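Raw protein-v5.txt, compact mmCIF, C-alpha atoms:
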```txt
# COMPACT_ATOMS: atom_id res chain seq x y z
CA ARG A 1 0.00 0.00 0.00
CA LEU A 2 1.06 3.56 -0.68
CA LEU A 3 0.78 4.58 2.96
CA ASP A 4 3.07 1.72 3.97
CA MET A 5 5.75 3.20 1.70
CA LEU A 6 5.56 6.47 3.61
CA ASP A 7 5.75 4.96 7.11
CA ASP A 8 9.53 4.94 7.44
CA THR A 9 10.26 7.83 5.10
CA TRP A 10 7.96 10.84 4.94
CA ARG A 11 6.17 10.13 8.23
CA ARG A 12 9.50 10.47 10.03
CA ILE A 13 9.56 14.17 9.12
CA GLY A 14 5.95 15.20 8.57
CA ARG A 15 2.31 14.24 8.64
CA VAL A 16 0.21 12.81 5.81
CA ASP A 17 -3.21 14.31 5.05
CA LEU A 18 -5.21 11.84 2.97
CA ILE A 19 -8.44 12.72 1.17
CA THR A 20 -10.67 9.68 0.71
CA GLY A 21 -14.06 9.22 -0.86
CA LEU A 22 -16.58 6.66 0.32
CA ASP A 23 -15.39 3.97 -2.12
CA LEU A 24 -11.71 4.25 -1.16
CA ALA A 25 -12.43 4.43 2.55
CA MET A 26 -14.54 1.29 2.43
CA ARG A 27 -11.72 -0.53 0.65
CA GLY A 28 -9.28 0.37 3.40
CA LEU A 29 -11.77 0.07 6.28
CA ALA A 30 -9.79 1.82 8.99
CA SER A 31 -10.87 0.64 12.44
CA ILE A 32 -12.98 3.70 13.21
CA THR A 33 -14.69 3.46 9.82
CA LEU A 34 -15.34 -0.26 10.23
CA GLU A 35 -16.81 0.29 13.68
CA ALA A 36 -19.04 3.06 12.38
CA PHE A 37 -20.13 0.88 9.47
CA LEU A 38 -21.03 -2.03 11.72
CA LEU A 39 -22.99 0.27 14.03
CA ARG A 40 -24.70 2.01 11.08
CA ARG A 41 -22.99 5.29 11.93
CA LEU A 42 -20.88 5.53 8.79
CA ASP A 43 -22.61 8.73 7.75
CA GLY A 44 -21.08 10.61 10.65
CA GLU A 45 -17.52 9.80 9.56
CA PHE A 46 -17.85 11.54 6.17
CA LEU A 47 -17.89 15.26 5.52
CA LYS A 48 -20.81 16.65 3.55
CA THR A 49 -20.19 20.41 3.25
CA GLY A 50 -17.40 22.90 2.80
CA ASP A 51 -17.91 24.13 6.35
CA GLU A 52 -17.46 20.62 7.71
CA VAL A 53 -14.28 20.26 5.65
CA ASN A 54 -12.93 23.56 6.99
CA LEU A 55 -13.61 22.48 10.57
CA ARG A 56 -11.90 19.13 10.00
CA LEU A 57 -8.82 20.76 8.47
CA GLU A 58 -8.53 23.11 11.43
CA ASN A 59 -8.25 20.12 13.76
CA LEU A 60 -5.77 17.84 11.98
CA ARG A 61 -3.29 16.04 14.18
CA CYS A 62 0.28 17.26 13.70
CA GLN A 63 2.30 15.99 16.68
CA ILE A 64 4.62 12.97 16.63
CA GLU A 65 2.79 9.89 17.89
CA GLY A 66 3.79 6.96 20.06
CA ASP A 67 5.47 5.09 17.20
CA LEU A 68 7.74 8.13 16.62
CA ARG A 69 6.01 8.90 13.34
CA PHE A 70 3.88 11.84 12.37
CA PRO A 71 0.18 11.04 11.97
CA VAL A 72 -1.94 10.12 8.98
CA ASN A 73 -5.03 12.31 8.89
CA SER A 74 -7.88 10.83 6.88
CA VAL A 75 -10.25 13.44 5.47
CA ASN A 76 -13.27 11.34 4.48
CA CYS A 77 -15.62 13.19 2.14
CA TYR A 78 -18.85 12.61 0.31
CA ALA A 79 -18.96 13.57 -3.36
CA ASN A 80 -20.29 17.06 -2.63
CA ALA A 81 -17.38 17.95 -0.33
CA TRP A 82 -14.19 16.34 -1.66
CA GLN A 83 -13.42 18.99 -4.28
CA HIS A 84 -13.37 21.64 -1.57
CA ALA A 85 -11.07 19.44 0.48
CA VAL A 86 -8.72 19.03 -2.50
CA THR A 87 -8.44 22.76 -3.12
CA ARG A 88 -7.92 23.57 0.57
CA LEU A 89 -5.30 20.91 1.22
CA ALA A 90 -3.42 21.33 -2.06
CA SER A 91 -2.93 25.03 -1.45
CA SER A 92 -1.66 24.56 2.12
CA SER A 93 0.58 21.48 1.75
CA ASP A 94 4.36 21.45 1.42
CA ALA A 95 4.15 18.68 -1.19
CA VAL A 96 1.22 17.18 -3.10
CA LEU A 97 1.18 13.50 -4.06
CA LEU A 98 -1.39 12.38 -6.63
CA ASP A 99 -1.80 8.65 -7.22
CA LEU A 100 -2.58 8.15 -10.92
CA ARG A 101 -2.02 4.40 -11.02
CA GLY A 102 -4.92 2.90 -12.91
CA PHE A 103 -5.88 6.30 -14.33
CA ILE A 104 -8.12 6.39 -17.40
CA ARG A 105 -9.84 9.32 -19.08
CA THR A 106 -13.19 8.60 -17.42
CA ASN A 107 -11.75 8.96 -13.88
CA GLU A 108 -13.46 12.30 -13.31
CA GLY A 109 -12.05 12.72 -9.81
CA CYS A 110 -8.46 12.42 -11.01
CA VAL A 111 -9.21 14.70 -13.96
CA PHE A 112 -10.44 17.39 -11.57
CA GLU A 113 -7.44 16.99 -9.26
CA LEU A 114 -4.86 17.06 -12.05
CA THR A 115 -6.52 20.05 -13.70
CA TYR A 116 -6.60 21.96 -10.43
CA LEU A 117 -2.94 21.24 -9.69
CA VAL A 118 -1.77 22.35 -13.13
CA ARG A 119 -3.73 25.59 -12.94
CA HIS A 120 -3.38 26.59 -9.31
CA ILE A 121 -0.45 24.82 -7.59
CA ALA A 122 3.23 25.25 -8.45
CA LEU A 123 4.10 22.08 -10.35
CA ARG A 124 7.46 21.81 -8.61
CA HIS A 125 5.54 20.99 -5.41
CA CYS A 126 3.66 18.08 -7.03
CA VAL A 127 4.54 14.42 -7.60
CA MET A 128 2.36 12.03 -9.63
CA LEU A 129 2.52 8.26 -9.25
CA VAL A 130 1.99 6.16 -12.38
CA ASP A 131 2.48 2.55 -13.40
CA HIS A 132 1.77 0.24 -16.33
CA THR A 133 -1.99 0.65 -15.77
CA THR A 134 -1.86 4.44 -16.21
CA ASP A 135 -3.24 5.68 -19.52
CA MET A 136 -0.40 8.09 -20.27
CA SER A 137 -2.03 9.39 -23.45
CA SER A 138 -5.11 10.44 -21.50
CA LEU A 139 -2.92 11.93 -18.79
CA GLN A 140 -1.18 14.04 -21.44
CA GLU A 141 -4.50 15.14 -22.91
CA VAL A 142 -5.87 16.21 -19.53
CA ALA A 143 -2.66 18.06 -18.65
CA GLN A 144 -2.63 19.84 -21.99
CA ALA A 145 -6.28 20.87 -21.64
CA ALA A 146 -5.57 22.19 -18.16
CA TRP A 147 -2.59 24.15 -19.44
CA ALA A 148 -4.64 25.64 -22.25
CA GLY A 149 -6.93 27.18 -19.64
CA LEU A 150 -4.16 28.39 -17.33
CA PRO A 151 -5.27 31.47 -15.34
CA VAL A 152 -3.17 34.60 -15.64
CA GLY A 153 -2.36 34.51 -11.95
CA SER A 154 -1.31 30.84 -11.91
CA PRO A 155 1.99 30.11 -10.12
CA ASN A 156 2.96 28.18 -13.25
CA ALA A 157 2.25 31.00 -15.71
CA ARG A 158 5.84 32.29 -15.62
CA GLU A 159 7.47 28.85 -15.50
CA PRO A 160 9.91 28.70 -18.48
CA THR A 161 9.93 24.89 -18.69
CA PRO A 162 6.74 23.61 -17.01
CA GLU A 163 6.80 19.89 -16.25
CA ILE A 164 4.67 17.38 -14.43
CA LEU A 165 6.96 15.16 -12.38
CA THR A 166 5.90 11.51 -12.43
CA LEU A 167 7.35 8.44 -10.76
CA LYS A 168 6.70 5.09 -12.38
CA LEU A 169 6.15 2.83 -9.43
CA GLU A 170 5.45 -0.84 -10.01
CA LYS A 171 4.06 -3.03 -7.25
CA LEU A 172 7.18 -5.16 -6.80
CA SER A 173 9.71 -2.33 -6.85
CA GLN A 174 11.99 -2.45 -3.79
CA ALA A 175 13.47 0.94 -4.63
CA GLY A 176 10.05 2.58 -4.61
CA PRO A 177 9.92 3.98 -1.04
CA ARG A 178 13.30 5.70 -1.30
CA ALA A 179 12.65 7.07 -4.79
CA LEU A 180 9.29 8.44 -3.70
CA PHE A 181 10.74 9.99 -0.55
CA LEU A 182 13.47 11.80 -2.46
CA LEU A 183 10.96 13.25 -4.90
CA LEU A 184 8.69 14.36 -2.07
CA LEU A 185 11.65 16.06 -0.38
CA ARG A 186 12.41 17.85 -3.63
CA ALA A 187 8.75 18.85 -4.00
CA ALA A 188 8.63 20.19 -0.44
CA SER A 189 11.69 22.38 -0.95
CA PRO A 190 10.80 26.08 -0.68
CA THR A 191 13.16 26.92 -3.54
CA PRO A 192 13.17 25.41 -7.05
CA CYS A 193 15.57 22.57 -7.73
CA VAL A 194 17.80 23.44 -10.68
CA GLU A 195 18.70 19.84 -11.41
CA ARG A 196 17.03 18.51 -14.55
CA GLU A 197 17.02 15.13 -16.21
CA THR A 198 15.83 14.14 -19.65
CA THR A 199 14.72 10.62 -18.86
CA ASN A 200 11.42 10.88 -20.71
CA THR A 201 9.81 14.17 -21.59
CA SER A 202 6.61 14.17 -23.61
CA LEU A 203 3.82 16.51 -24.69
CA ASN A 204 4.43 19.65 -26.74
CA PRO A 205 6.66 22.47 -25.42
CA SER A 206 3.81 24.15 -23.51
CA ILE A 207 3.93 21.55 -20.72
CA GLY A 208 5.97 18.40 -20.26
CA ILE A 209 5.82 15.17 -18.32
CA HIS A 210 9.10 14.45 -16.56
CA SER A 211 9.24 10.73 -15.76
CA ARG A 212 11.39 8.80 -13.34
CA ARG A 213 11.39 5.09 -12.72
CA ALA A 214 11.84 3.24 -9.44
CA LEU A 215 13.98 0.30 -10.49
```
Translate the structure of the given file into structure tokens.
Amino acid sequence: RLLDMLDDTWRRIGRVDLITGLDLAMRGLASITLEAFLLRRLDGEFLKTGDEVNLRLENLRCQIEGDLRFPVNSVNCYANAWQHAVTRLASSSDAVLLDLRGFIRTNEGCVFELTYLVRHIALRHCVMLVDHTTDMSSLQEVAQAAWAGLPVGSPNAREPTPEILTLKLEKLSQAGPRALFLLLLRAASPTPCVERETTNTSLNPSIGIHSRRAL
């Protein structure tokens, strides 16, 4: 699981704020969610409005816990609240990690998230996870469409070589946790990293996809 990869890397230096919809939360079934489900109180664990999201984000845990790791904060949202949660968290996070494994063009949630990041969040603070199940052509199309509608005030508007940084992370990769951690550290840096690689750049010159592989 993705969170397992962050346990002994990112969570040693900072917290993880995880936005989950009803479908994803039920797949993971955290203990509090399972208990609520069994007692027919699941509805109370999911946020329904922007105000509820704001209140939840004001009360996220941020102190080191008993296992000497920073906490994982699950922000469980119904469909009418998750977009607000995405925009609030993305704009206040040091680094944004978007899991695009299994992405296809009809994944409307991922399309919204990717479009928002391209238009409103400095791309150097973002890392996208992909694998062999990611439809890269669709990812390129969505990124290009987002770039075409870039607002004048976007933090990416003055970027001379805009790129989406992706990490190809296959399930059996042993190098994955370290590779992901290093990219997250780079994304969290307050100043741009001047180092560039040309491993695999695609799309036309208006926006590129900069790919790395965890071997």
*Would you mind telling me which residue in A:Leu57, A:Asn73, A:Trp82, A:Ala143 lies nearest to Val118 of chain A when using only C-alpha atoms?*
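Among the listed residues, A:Ala143 lies closest to Val118 of chain A.
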For segment 59-68 of chain A: contacts at 10 Å, only C-alpha atoms, fewer than 2 positions along chain excluded, given as a PDB file with C-alpha atoms, keeping the file's coordinate frame:
```pdb
ATOM      1  CA  ASP A   8       9.530   4.940   7.440  1.00  0.00           C
ATOM      2  CA  ARG A  11       6.170  10.130   8.230  1.00  0.00           C
ATOM      3  CA  ARG A  12       9.500  10.470  10.030  1.00  0.00           C
ATOM      4  CA  ILE A  13       9.560  14.170   9.120  1.00  0.00           C
ATOM      5  CA  GLY A  14       5.950  15.200   8.570  1.00  0.00           C
ATOM      6  CA  ARG A  15       2.310  14.240   8.640  1.00  0.00           C
ATOM      7  CA  VAL A  16       0.210  12.810   5.810  1.00  0.00           C
ATOM      8  CA  ASP A  17      -3.210  14.310   5.050  1.00  0.00           C
ATOM      9  CA  ASN A  54     -12.930  23.560   6.990  1.00  0.00           C
ATOM     10  CA  LEU A  55     -13.610  22.480  10.570  1.00  0.00           C
ATOM     11  CA  ARG A  56     -11.900  19.130  10.000  1.00  0.00           C
ATOM     12  CA  LEU A  57      -8.820  20.760   8.470  1.00  0.00           C
ATOM     13  CA  PHE A  70       3.880  11.840  12.370  1.00  0.00           C
ATOM     14  CA  PRO A  71       0.180  11.040  11.970  1.00  0.00           C
ATOM     15  CA  VAL A  72      -1.940  10.120   8.980  1.00  0.00           C
ATOM     16  CA  ASN A  73      -5.030  12.310   8.890  1.00  0.00           C
ATOM     17  CA  SER A  74      -7.880  10.830   6.880  1.00  0.00           C
ATOM     18  CA  VAL A  75     -10.250  13.440   5.470  1.00  0.00           C
TER      19      VAL A  75
END
```
Here's a test: counting all atoms listed in the file, identify every protein, DNA and RNA residue with an atom at most 10 Å from (-15.2, 18.0, 4.2) in the file's coordinate frame, and state them as a PDB file with C-alpha atoms, in the coordinates of the input.
```pdb
ATOM      1  CA  ILE A  19      -8.440  12.720   1.170  1.00  0.00           C
ATOM      2  CA  PHE A  46     -17.850  11.540   6.170  1.00  0.00           C
ATOM      3  CA  LEU A  47     -17.890  15.260   5.520  1.00  0.00           C
ATOM      4  CA  LYS A  48     -20.810  16.650   3.550  1.00  0.00           C
ATOM      5  CA  THR A  49     -20.190  20.410   3.250  1.00  0.00           C
ATOM      6  CA  GLY A  50     -17.400  22.900   2.800  1.00  0.00           C
ATOM      7  CA  ASP A  51     -17.910  24.130   6.350  1.00  0.00           C
ATOM      8  CA  GLU A  52     -17.460  20.620   7.710  1.00  0.00           C
ATOM      9  CA  VAL A  53     -14.280  20.260   5.650  1.00  0.00           C
ATOM     10  CA  ASN A  54     -12.930  23.560   6.990  1.00  0.00           C
ATOM     11  CA  LEU A  55     -13.610  22.480  10.570  1.00  0.00           C
ATOM     12  CA  ARG A  56     -11.900  19.130  10.000  1.00  0.00           C
ATOM     13  CA  LEU A  57      -8.820  20.760   8.470  1.00  0.00           C
ATOM     14  CA  VAL A  75     -10.250  13.440   5.470  1.00  0.00           C
ATOM     15  CA  ASN A  76     -13.270  11.340   4.480  1.00  0.00           C
ATOM     16  CA  CYS A  77     -15.620  13.190   2.140  1.00  0.00           C
ATOM     17  CA  TYR A  78     -18.850  12.610   0.310  1.00  0.00           C
ATOM     18  CA  ALA A  79     -18.960  13.570  -3.360  1.00  0.00           C
ATOM     19  CA  ASN A  80     -20.290  17.060  -2.630  1.00  0.00           C
ATOM     20  CA  ALA A  81     -17.380  17.950  -0.330  1.00  0.00           C
ATOM     21  CA  TRP A  82     -14.190  16.340  -1.660  1.00  0.00           C
ATOM     22  CA  GLN A  83     -13.420  18.990  -4.280  1.00  0.00           C
ATOM     23  CA  HIS A  84     -13.370  21.640  -1.570  1.00  0.00           C
ATOM     24  CA  ALA A  85     -11.070  19.440   0.480  1.00  0.00           C
ATOM     25  CA  VAL A  86      -8.720  19.030  -2.500  1.00  0.00           C
ATOM     26  CA  ARG A  88      -7.920  23.570   0.570  1.00  0.00           C
TER      27      ARG A  88
END
```
*One decimal, Å: what's the distance from atom CA of Asp94 of chain A over to atom CA of Thr9 of chain A, could you say?*
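Between these atoms lies a distance of 15.3 Å.
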Residues around (-3.4, 23.7, -9.7), cut-off 12 Å, counting all atoms listed in the file - what are they as a short mmCIF file (atom, residue, chain, number, x, y, z; two decimals) with C-alpha atoms, keeping the file's coordinate frame?
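out-v6.cif, freshly written:
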```cif
data_model
loop_
_atom_site.label_atom_id
_atom_site.label_comp_id
_atom_site.auth_asym_id
_atom_site.auth_seq_id
_atom_site.Cartn_x
_atom_site.Cartn_y
_atom_site.Cartn_z
CA VAL A 86 -8.72 19.03 -2.50
CA THR A 87 -8.44 22.76 -3.12
CA ARG A 88 -7.92 23.57 0.57
CA LEU A 89 -5.30 20.91 1.22
CA ALA A 90 -3.42 21.33 -2.06
CA SER A 91 -2.93 25.03 -1.45
CA SER A 92 -1.66 24.56 2.12
CA VAL A 96 1.22 17.18 -3.10
CA LEU A 98 -1.39 12.38 -6.63
CA VAL A 111 -9.21 14.70 -13.96
CA PHE A 112 -10.44 17.39 -11.57
CA GLU A 113 -7.44 16.99 -9.26
CA LEU A 114 -4.86 17.06 -12.05
CA THR A 115 -6.52 20.05 -13.70
CA TYR A 116 -6.60 21.96 -10.43
CA LEU A 117 -2.94 21.24 -9.69
CA VAL A 118 -1.77 22.35 -13.13
CA ARG A 119 -3.73 25.59 -12.94
CA HIS A 120 -3.38 26.59 -9.31
CA ILE A 121 -0.45 24.82 -7.59
CA ALA A 122 3.23 25.25 -8.45
CA LEU A 123 4.10 22.08 -10.35
CA ARG A 124 7.46 21.81 -8.61
CA HIS A 125 5.54 20.99 -5.41
CA CYS A 126 3.66 18.08 -7.03
CA ALA A 143 -2.66 18.06 -18.65
CA ALA A 146 -5.57 22.19 -18.16
CA TRP A 147 -2.59 24.15 -19.44
CA GLY A 149 -6.93 27.18 -19.64
CA LEU A 150 -4.16 28.39 -17.33
CA PRO A 151 -5.27 31.47 -15.34
CA GLY A 153 -2.36 34.51 -11.95
CA SER A 154 -1.31 30.84 -11.91
CA PRO A 155 1.99 30.11 -10.12
CA ASN A 156 2.96 28.18 -13.25
CA ALA A 157 2.25 31.00 -15.71
CA ILE A 164 4.67 17.38 -14.43
#
```
*Name the closest residue to Pro160 of chain A among the candidates A:Ser137, A:Leu184, A:Gly176, A:Gly208; distances are taken between atoms, counting only C-alpha atoms.*
A:Gly208
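Relative to atom CA of Ser189 of chain A, atom CA of Gly21 of chain A is found at 28.9 Å.
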*Quote the spacing between atom CA of Glu108 of chain A and atom CA of Met136 of chain A in Å to one decimal place.*
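Atom-to-atom, atom CA of Glu108 of chain A to atom CA of Met136 of chain A, that is 15.4 Å.
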*A:Ile209, A:Leu165, A:Leu139, A:Met5 ranked by distance to Phe103 of chain A, top pick (using only C-alpha atoms)*: A:Leu139
*Tell me which of A:Val142, A:Arg101, A:Arg158, A:Leu6 sits closest to Leu182 of chain A, counting only C-alpha atoms.*
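Nearest candidate to Leu182 of chain A out of A:Val142, A:Arg101, A:Arg158, A:Leu6: A:Leu6.
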*Looking at A:Cys110, A:Leu97, A:Leu3, A:Ile207, which one is nearest to Thr161 of chain A, with distances taken over only C-alpha atoms?*
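Among A:Cys110, A:Leu97, A:Leu3, A:Ile207, it is A:Ile207 that comes nearest to Thr161 of chain A.
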_Proximity to Gln140 of chain A - best of A:Arg186, A:Asp7, A:Arg105, A:Glu159, only C-alpha atoms_ = A:Arg105
